[in-house]
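Have a look at the structure below, then the notes.
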Amino acid sequence: MSKSLAVALTMLILSACTTANTRVNKLDLVRPVAGTRVLVVRPSVRLTMLTVAGNREAKGDWSREGADNIAAALSRAISDRDLSPRLFDPNRVVSAQAIQVLKLNQAVGSSILDQEYGLTRLATKQGRFDWSLGEGAQVLGATYDADLALFITCRGTYSSDARKLAMVAMAAMGQALPPGHQTVFASLVDLHTGKVVWFTTALAGFDADIRHPEGADRLAAALIKVAPL
Amino acid sequence: MSFKIKNHLSLGVVAMLAGLSLGHGAHAAAGPHTLRVPGQMPASRTDEASLWTIMDGAEQVAKASPDRIKDPALTGYVQSLTCRLAPEYCKELRVYVLQRPAFNASAAANGYIELWSGLLLRADSEDELGFVLGHEITHYAENHAIETQRAAKLRSNVKFALSLAVNWTGQAVAANAGSVQAANDSVHTASAIKELLYLGNIAAYLQYSRVNETEADQAGLERASLAGFDPRAAAGVWRKLIDENQASDFPSRRNEPVGSSIFSTHPINSARMLALTKAAQGAVPTTPEQAQERRRAYRRQIRPFLSAWLADDLRRRDYGQTLLVIDRLSSLGEDLGVLNFYRGEALRQRRSDGDLAKARAAYLSASLYGDAPSQAWRNLGDLALRDGNTAMAQSAYMTYLGRAPNAQDRWIIDAAIRAMNTAAGR
């Protein structure tokens, strides 16, 4: 049992492509018409370096570049779909009302992770995916001129060079040392109604190293492919 | 044969890892008392720059926190104390006051300082606050945060290299906690991710070593003395925390070492207190009148918040501690209306044997002072009604409504008075 789990886990981690696990609000799922304004919220990215000993060391430069790369890649992907992207940095927001909406979005996102992907299920949801930020979300749309908002969060690790060497050396000894991995959460919020129309979690593939623009492009493509955009 | 090959290989790995670890260690920790150059920014792509990025995020959270007190007088006051203690870092240190009832302060690597209202409420004078701020500024000035991070990395790398050497054929690697945890994370998505996502584990970056703490005590004291604060206040800060632990309603809190809960980033022990007492011995003593004047000056700064902070402190539901804090604050002989009212509140909420009678006495004392909140009379009325003393209840309620004619609960009080009148046949 534990062996098959380990194998499954290894397969998951080693799979080259980005794998996504999606939830959608089926009732409100309509593909946006051309020209729809999409607020691309600057992703919250926190990357760490996985050291030889298995510790995680914060990497501010990776995190910053990762956020830059994903935001740029998503904007390109959205433009390619004839939608109109707008870059937006939540850290620059001063309006107390807008800050509240952003905080609420975090809280709702956290609940979605708990209730849709975790072990518990809210009895009142009855399998429906009908999460919402409420009409207060309109303040974002009105202030930043948008119809939809795309939120991305990325947390993960990349192996240090020394760990990569150690992985090879350990493999030669018949031992496996897990590599770094990155998890992405994305959500799409309708800024007219406040409804979370789409939510996904994804494990970035080895070809989608967001520290580089090409990798971020691949990640963005994988996300957009499963998004109602 | 194969054993031999494997053995060589493992030794090679060990040598490589140890080399890396020591290599990192050699560049790492700046020695003690190497002070930051004012305005110094971390070089890009360094571990220090990364630490700053994390702390910038934490600062954003503090800045946008609903707990943040933005009152210009108070924030200006603590910022000015900081500048007095560290004129060289005045421009780069940012102090945020957060309304949280625990005794806590922290300085982050990027120069942002959090000061919690529980600490401001418990400080007796500017001198005590000056010492705490001096202590925190020292953590910043001596780069303790990055030192700690580097030391931890060095330790874990060496430990890892050793574990390989000792147990190279075994399961040590697979069982390595860090690695397995990393693997597990991808399975237990929801729980592990949530923690990583929104909490950020900021506390982990604020744990300093005992050596760092002692350094911060000493250098903080020096800083405070140079800036004209009374160095004898320093030991008093820790003494107070120890006393407060002893006053707790909860046996578990009374028995735990001071600092393990509320002040966990700064473990306190008697050795630290002794060192501080010694260090302050040469100081010119202040006269009792001077000391009193300094306490009064400090009270003027926090007076507008006294009521709100005491109400907050009650929410911790450790009435023994709150009562001790109130006793201390009362010893100045000012704000006795507010302080006696909250003493009454603590006793009324605790409801141990005899507490309600004591609460009534406290509200009564409060009512003798001009600064008593009008709720004192409402609560006096409630207690009198409870005892069946309707005459006293009536008069207390009337006073309450007279002082707070627009009280939200006016309709309840009106109804109570009507009920008493009906019962009395009036």
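If you're wondering about the labels, chains in the structure tokens are A, B, ... by order shown, residues count from 1 in each chain, ligands from 1 in order shown.
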With only C-alpha atoms considered, list every residue of chain A at most 6 Å from chain B, as a ChimeraX atom specification. /A:53-55,58-61,113-114,117-118
Take the residues just selected and output them with N, CA and C atoms as a compact mmCIF listing (two decimals), in the first residue's frame.
# COMPACT_ATOMS: atom_id res chain seq x y z
N ALA A 53 19.89 19.18 2.78
CA ALA A 53 19.39 18.58 4.01
C ALA A 53 17.87 18.61 4.10
N GLY A 54 17.21 19.14 3.07
CA GLY A 54 15.75 19.13 3.08
C GLY A 54 15.13 20.37 3.68
N ASN A 55 15.93 21.37 3.98
CA ASN A 55 15.36 22.62 4.48
C ASN A 55 14.92 23.50 3.32
N ALA A 58 14.15 30.61 1.83
CA ALA A 58 13.35 31.57 1.04
C ALA A 58 14.19 32.17 -0.07
N LYS A 59 13.59 32.32 -1.26
CA LYS A 59 14.30 32.95 -2.37
C LYS A 59 13.44 34.10 -2.89
N GLY A 60 13.77 35.29 -2.44
CA GLY A 60 13.01 36.47 -2.83
C GLY A 60 13.11 36.76 -4.31
N ASP A 61 14.31 36.58 -4.88
CA ASP A 61 14.48 36.90 -6.30
C ASP A 61 13.68 35.93 -7.17
N LEU A 113 -10.14 25.72 -0.49
CA LEU A 113 -9.14 24.66 -0.36
C LEU A 113 -9.55 23.65 0.70
N ASP A 114 -10.06 24.17 1.81
CA ASP A 114 -10.48 23.29 2.90
C ASP A 114 -11.65 22.41 2.49
N TYR A 117 -11.11 20.65 -1.44
CA TYR A 117 -9.96 19.77 -1.66
C TYR A 117 -9.53 19.07 -0.38
N GLY A 118 -10.00 19.55 0.75
CA GLY A 118 -9.58 18.97 2.02
C GLY A 118 -10.46 17.80 2.43
Can you list, as a ChimeraX atom specification, every protein, DNA or RNA residue that comes within 12 Å of Ala96 (chain A) when you count only C-alpha atoms, leaving out same-chain residues fewer than 3 positions away? /A:90,92-93,99-103,139-140 /B:63-66
Convert the current residue selection to file output with N, CA, C and O atoms, as a JSON list (two decimals), in the first residue's frame.
[["chain", "number", "residue", "atom", "x", "y", "z"],
["A", 90, "PRO", "N", -1.78, 44.11, -6.18],
["A", 90, "PRO", "CA", -2.58, 44.30, -4.97],
["A", 90, "PRO", "C", -1.81, 44.99, -3.84],
["A", 90, "PRO", "O", -2.40, 45.57, -2.93],
["A", 92, "ARG", "N", -0.15, 47.59, -4.09],
["A", 92, "ARG", "CA", -0.18, 49.04, -4.26],
["A", 92, "ARG", "C", -1.53, 49.64, -3.88],
["A", 92, "ARG", "O", -1.71, 50.85, -3.91],
["A", 93, "VAL", "N", -2.48, 48.76, -3.55],
["A", 93, "VAL", "CA", -3.84, 49.23, -3.27],
["A", 93, "VAL", "C", -3.87, 50.02, -1.97],
["A", 93, "VAL", "O", -3.32, 49.59, -0.97],
["A", 99, "ILE", "N", -8.95, 46.74, -0.25],
["A", 99, "ILE", "CA", -8.12, 45.85, 0.57],
["A", 99, "ILE", "C", -9.00, 44.79, 1.23],
["A", 99, "ILE", "O", -8.66, 43.61, 1.28],
["A", 100, "GLN", "N", -10.18, 45.22, 1.69],
["A", 100, "GLN", "CA", -11.10, 44.26, 2.32],
["A", 100, "GLN", "C", -11.52, 43.18, 1.34],
["A", 100, "GLN", "O", -11.59, 42.01, 1.69],
["A", 101, "VAL", "N", -11.80, 43.58, 0.08],
["A", 101, "VAL", "CA", -12.21, 42.60, -0.91],
["A", 101, "VAL", "C", -11.08, 41.60, -1.16],
["A", 101, "VAL", "O", -11.29, 40.39, -1.25],
["A", 102, "LEU", "N", -9.85, 42.12, -1.23],
["A", 102, "LEU", "CA", -8.71, 41.24, -1.48],
["A", 102, "LEU", "C", -8.50, 40.27, -0.31],
["A", 102, "LEU", "O", -8.21, 39.09, -0.51],
["A", 103, "LYS", "N", -8.69, 40.78, 0.92],
["A", 103, "LYS", "CA", -8.56, 39.91, 2.08],
["A", 103, "LYS", "C", -9.66, 38.85, 2.09],
["A", 103, "LYS", "O", -9.43, 37.70, 2.43],
["A", 139, "VAL", "N", -16.36, 46.75, -6.34],
["A", 139, "VAL", "CA", -15.45, 47.87, -6.15],
["A", 139, "VAL", "C", -14.15, 47.66, -6.93],
["A", 139, "VAL", "O", -13.57, 48.60, -7.48],
["A", 140, "LEU", "N", -13.71, 46.40, -7.03],
["A", 140, "LEU", "CA", -12.48, 46.13, -7.79],
["A", 140, "LEU", "C", -12.71, 46.39, -9.27],
["A", 140, "LEU", "O", -11.88, 47.03, -9.94],
["B", 63, "LYS", "N", 0.61, 46.44, 8.08],
["B", 63, "LYS", "CA", 0.17, 47.76, 7.65],
["B", 63, "LYS", "C", -1.33, 47.79, 7.38],
["B", 63, "LYS", "O", -2.02, 48.75, 7.72],
["B", 64, "ALA", "N", -1.82, 46.72, 6.75],
["B", 64, "ALA", "CA", -3.24, 46.68, 6.36],
["B", 64, "ALA", "C", -4.08, 46.01, 7.44],
["B", 64, "ALA", "O", -5.27, 45.79, 7.24],
["B", 65, "SER", "N", -3.47, 45.68, 8.58],
["B", 65, "SER", "CA", -4.20, 44.96, 9.61],
["B", 65, "SER", "C", -5.26, 45.84, 10.27],
["B", 65, "SER", "O", -5.02, 47.01, 10.55],
["B", 66, "PRO", "N", -6.43, 45.25, 10.53],
["B", 66, "PRO", "CA", -7.45, 46.04, 11.23],
["B", 66, "PRO", "C", -7.03, 46.36, 12.67],
["B", 66, "PRO", "O", -7.59, 47.24, 13.30]]
So that I can see what lies close to region 68-85 of chain B, please list as a PyMOL selection string the residues with an atom at most 10 Å from it, counting only C-alpha atoms and leaving out residues fewer than 5 positions away in the same chain. chain B and resi 61-63+90-100+113-117+120+126+129-131+133-134+136-137+220+222-229+301-302+304-305
Find the residue from B:Ala357, B:Leu329, B:Leu323, B:Ile146 that sits nearest to Ser209 (chain B); use only C-alpha atoms when measuring.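 Closest to Ser209 (chain B) of all the choices is B:Ile146.
Between CA of Glu135 (chain A) and CA of Asn105 (chain A) the interatomic distance comes to 12.3 Å.
Taking CA of Ala234 (chain B) and CA of Asn255 (chain B) as endpoints, the distance between them is 23.6 Å.
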If DSSP is run on the backbone, what residues of region 65-99 of chain A are strand (DSSP E or B)? A reply as number ranges by chain would be ideal. A: 84-88
Keeping only C-alpha atoms, take the residues you just selected and write them out as a PDB file, in the first residue's frame.
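Once written, out_18.pdb looks like this:
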ATOM      1  CA  SER A  84      -8.317  42.484 -22.679  1.00  0.00           C
ATOM      2  CA  PRO A  85      -5.884  41.899 -19.786  1.00  0.00           C
ATOM      3  CA  ARG A  86      -5.100  44.518 -17.138  1.00  0.00           C
ATOM      4  CA  LEU A  87      -2.146  44.062 -14.834  1.00  0.00           C
ATOM      5  CA  PHE A  88      -2.831  44.945 -11.245  1.00  0.00           C
TER       6      PHE A  88
END
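Take CA of Ala361 (chain B) and CA of Ala376 (chain B): the distance between them is 10.8 Å.
Counting only C-alpha atoms, the residue from B:Ala145, B:Ala216, B:Ala416, B:Ala404 that sits nearest to Leu385 (chain B) is B:Ala416.
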Any idea what's packed within 8 Å of Val108 (chain A), counting only C-alpha atoms, ignoring anything in its chain fewer than 3 positions away? Could you give it as a tab-separated table (two decimals) with N, CA, C and O atoms, in the first residue's frame?
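Saved file result-v1.tsv follows:
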chain	number	residue	atom	x	y	z
A	104	LEU	N	-10.87	39.28	1.71
A	104	LEU	CA	-11.99	38.35	1.66
A	104	LEU	C	-11.71	37.25	0.64
A	104	LEU	O	-11.97	36.08	0.87
A	105	ASN	N	-11.12	37.66	-0.49
A	105	ASN	CA	-10.79	36.68	-1.52
A	105	ASN	C	-9.82	35.63	-0.96
A	105	ASN	O	-9.95	34.44	-1.24
A	111	SER	N	-11.03	28.80	2.34
A	111	SER	CA	-12.18	27.92	2.60
A	111	SER	C	-12.40	26.93	1.46
A	111	SER	O	-12.72	25.77	1.68
A	112	ILE	N	-12.20	27.42	0.23
A	112	ILE	CA	-12.38	26.53	-0.92
A	112	ILE	C	-11.39	25.38	-0.84
A	112	ILE	O	-11.74	24.21	-1.05
A	131	TRP	N	-19.29	29.40	-4.45
A	131	TRP	CA	-18.60	30.34	-3.58
A	131	TRP	C	-18.66	31.74	-4.17
A	131	TRP	O	-18.64	31.91	-5.39
A	132	SER	N	-18.69	32.72	-3.28
A	132	SER	CA	-18.82	34.09	-3.78
A	132	SER	C	-18.15	35.09	-2.84
A	132	SER	O	-18.07	34.86	-1.63
A	133	LEU	N	-17.67	36.18	-3.40
A	133	LEU	CA	-17.15	37.27	-2.57
A	133	LEU	C	-18.25	38.28	-2.28
A	133	LEU	O	-18.04	39.25	-1.55
Contacts of Pro32 (chain A) at 10 Å or less, counting only C-alpha atoms, minus same-chain residues fewer than 4 places along, as a PyMOL selection string? chain A and resi 36-38+81-83+147-148+228-229
For Gly337 (chain B), please output as a count of residues only all residues within 7 Å (counting only C-alpha atoms; exclusion window: fewer than 4 positions along the same chain). 7
I'd like the neighbourhood of Phe199 (chain A) as a compact mmCIF listing (two decimals) with all heavy atoms, in the first residue's frame, where a residue qualifies if any of its atoms comes within 7 Å (using only C-alpha atoms), though same-chain residues fewer than 3 positions away should be ignored.
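result_10.txt written:
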# COMPACT_ATOMS: atom_id res chain seq x y z
N THR A 22 -9.62 20.83 -11.05
CA THR A 22 -10.44 22.02 -11.21
C THR A 22 -11.83 21.90 -10.60
O THR A 22 -12.41 20.82 -10.57
CB THR A 22 -10.59 22.33 -12.72
OG1 THR A 22 -9.29 22.37 -13.28
CG2 THR A 22 -11.27 23.64 -12.95
N ARG A 23 -12.35 23.02 -10.10
CA ARG A 23 -13.75 23.10 -9.67
C ARG A 23 -14.37 24.30 -10.40
O ARG A 23 -13.73 25.35 -10.50
CB ARG A 23 -13.84 23.38 -8.17
CG ARG A 23 -13.18 22.36 -7.29
CD ARG A 23 -14.03 21.10 -7.15
NE ARG A 23 -13.46 20.19 -6.17
CZ ARG A 23 -12.43 19.38 -6.38
NH1 ARG A 23 -11.85 19.36 -7.56
NH2 ARG A 23 -11.98 18.59 -5.43
N VAL A 24 -15.58 24.14 -10.86
CA VAL A 24 -16.23 25.26 -11.53
C VAL A 24 -17.64 25.50 -11.01
O VAL A 24 -18.29 24.58 -10.54
CB VAL A 24 -16.32 25.07 -13.07
CG1 VAL A 24 -14.97 25.22 -13.71
CG2 VAL A 24 -16.94 23.73 -13.40
N ALA A 186 -5.40 28.81 -8.73
CA ALA A 186 -5.88 29.90 -9.57
C ALA A 186 -7.38 30.02 -9.38
O ALA A 186 -8.07 29.02 -9.19
CB ALA A 186 -5.57 29.60 -11.03
N SER A 187 -7.88 31.25 -9.41
CA SER A 187 -9.32 31.41 -9.35
C SER A 187 -9.73 32.58 -10.23
O SER A 187 -8.96 33.51 -10.45
CB SER A 187 -9.79 31.64 -7.91
OG SER A 187 -9.34 32.88 -7.44
N LEU A 188 -10.95 32.46 -10.74
CA LEU A 188 -11.50 33.49 -11.59
C LEU A 188 -12.76 34.01 -10.92
O LEU A 188 -13.66 33.23 -10.59
CB LEU A 188 -11.84 32.88 -12.96
CG LEU A 188 -12.11 33.86 -14.10
CD1 LEU A 188 -10.88 34.67 -14.43
CD2 LEU A 188 -12.56 33.08 -15.33
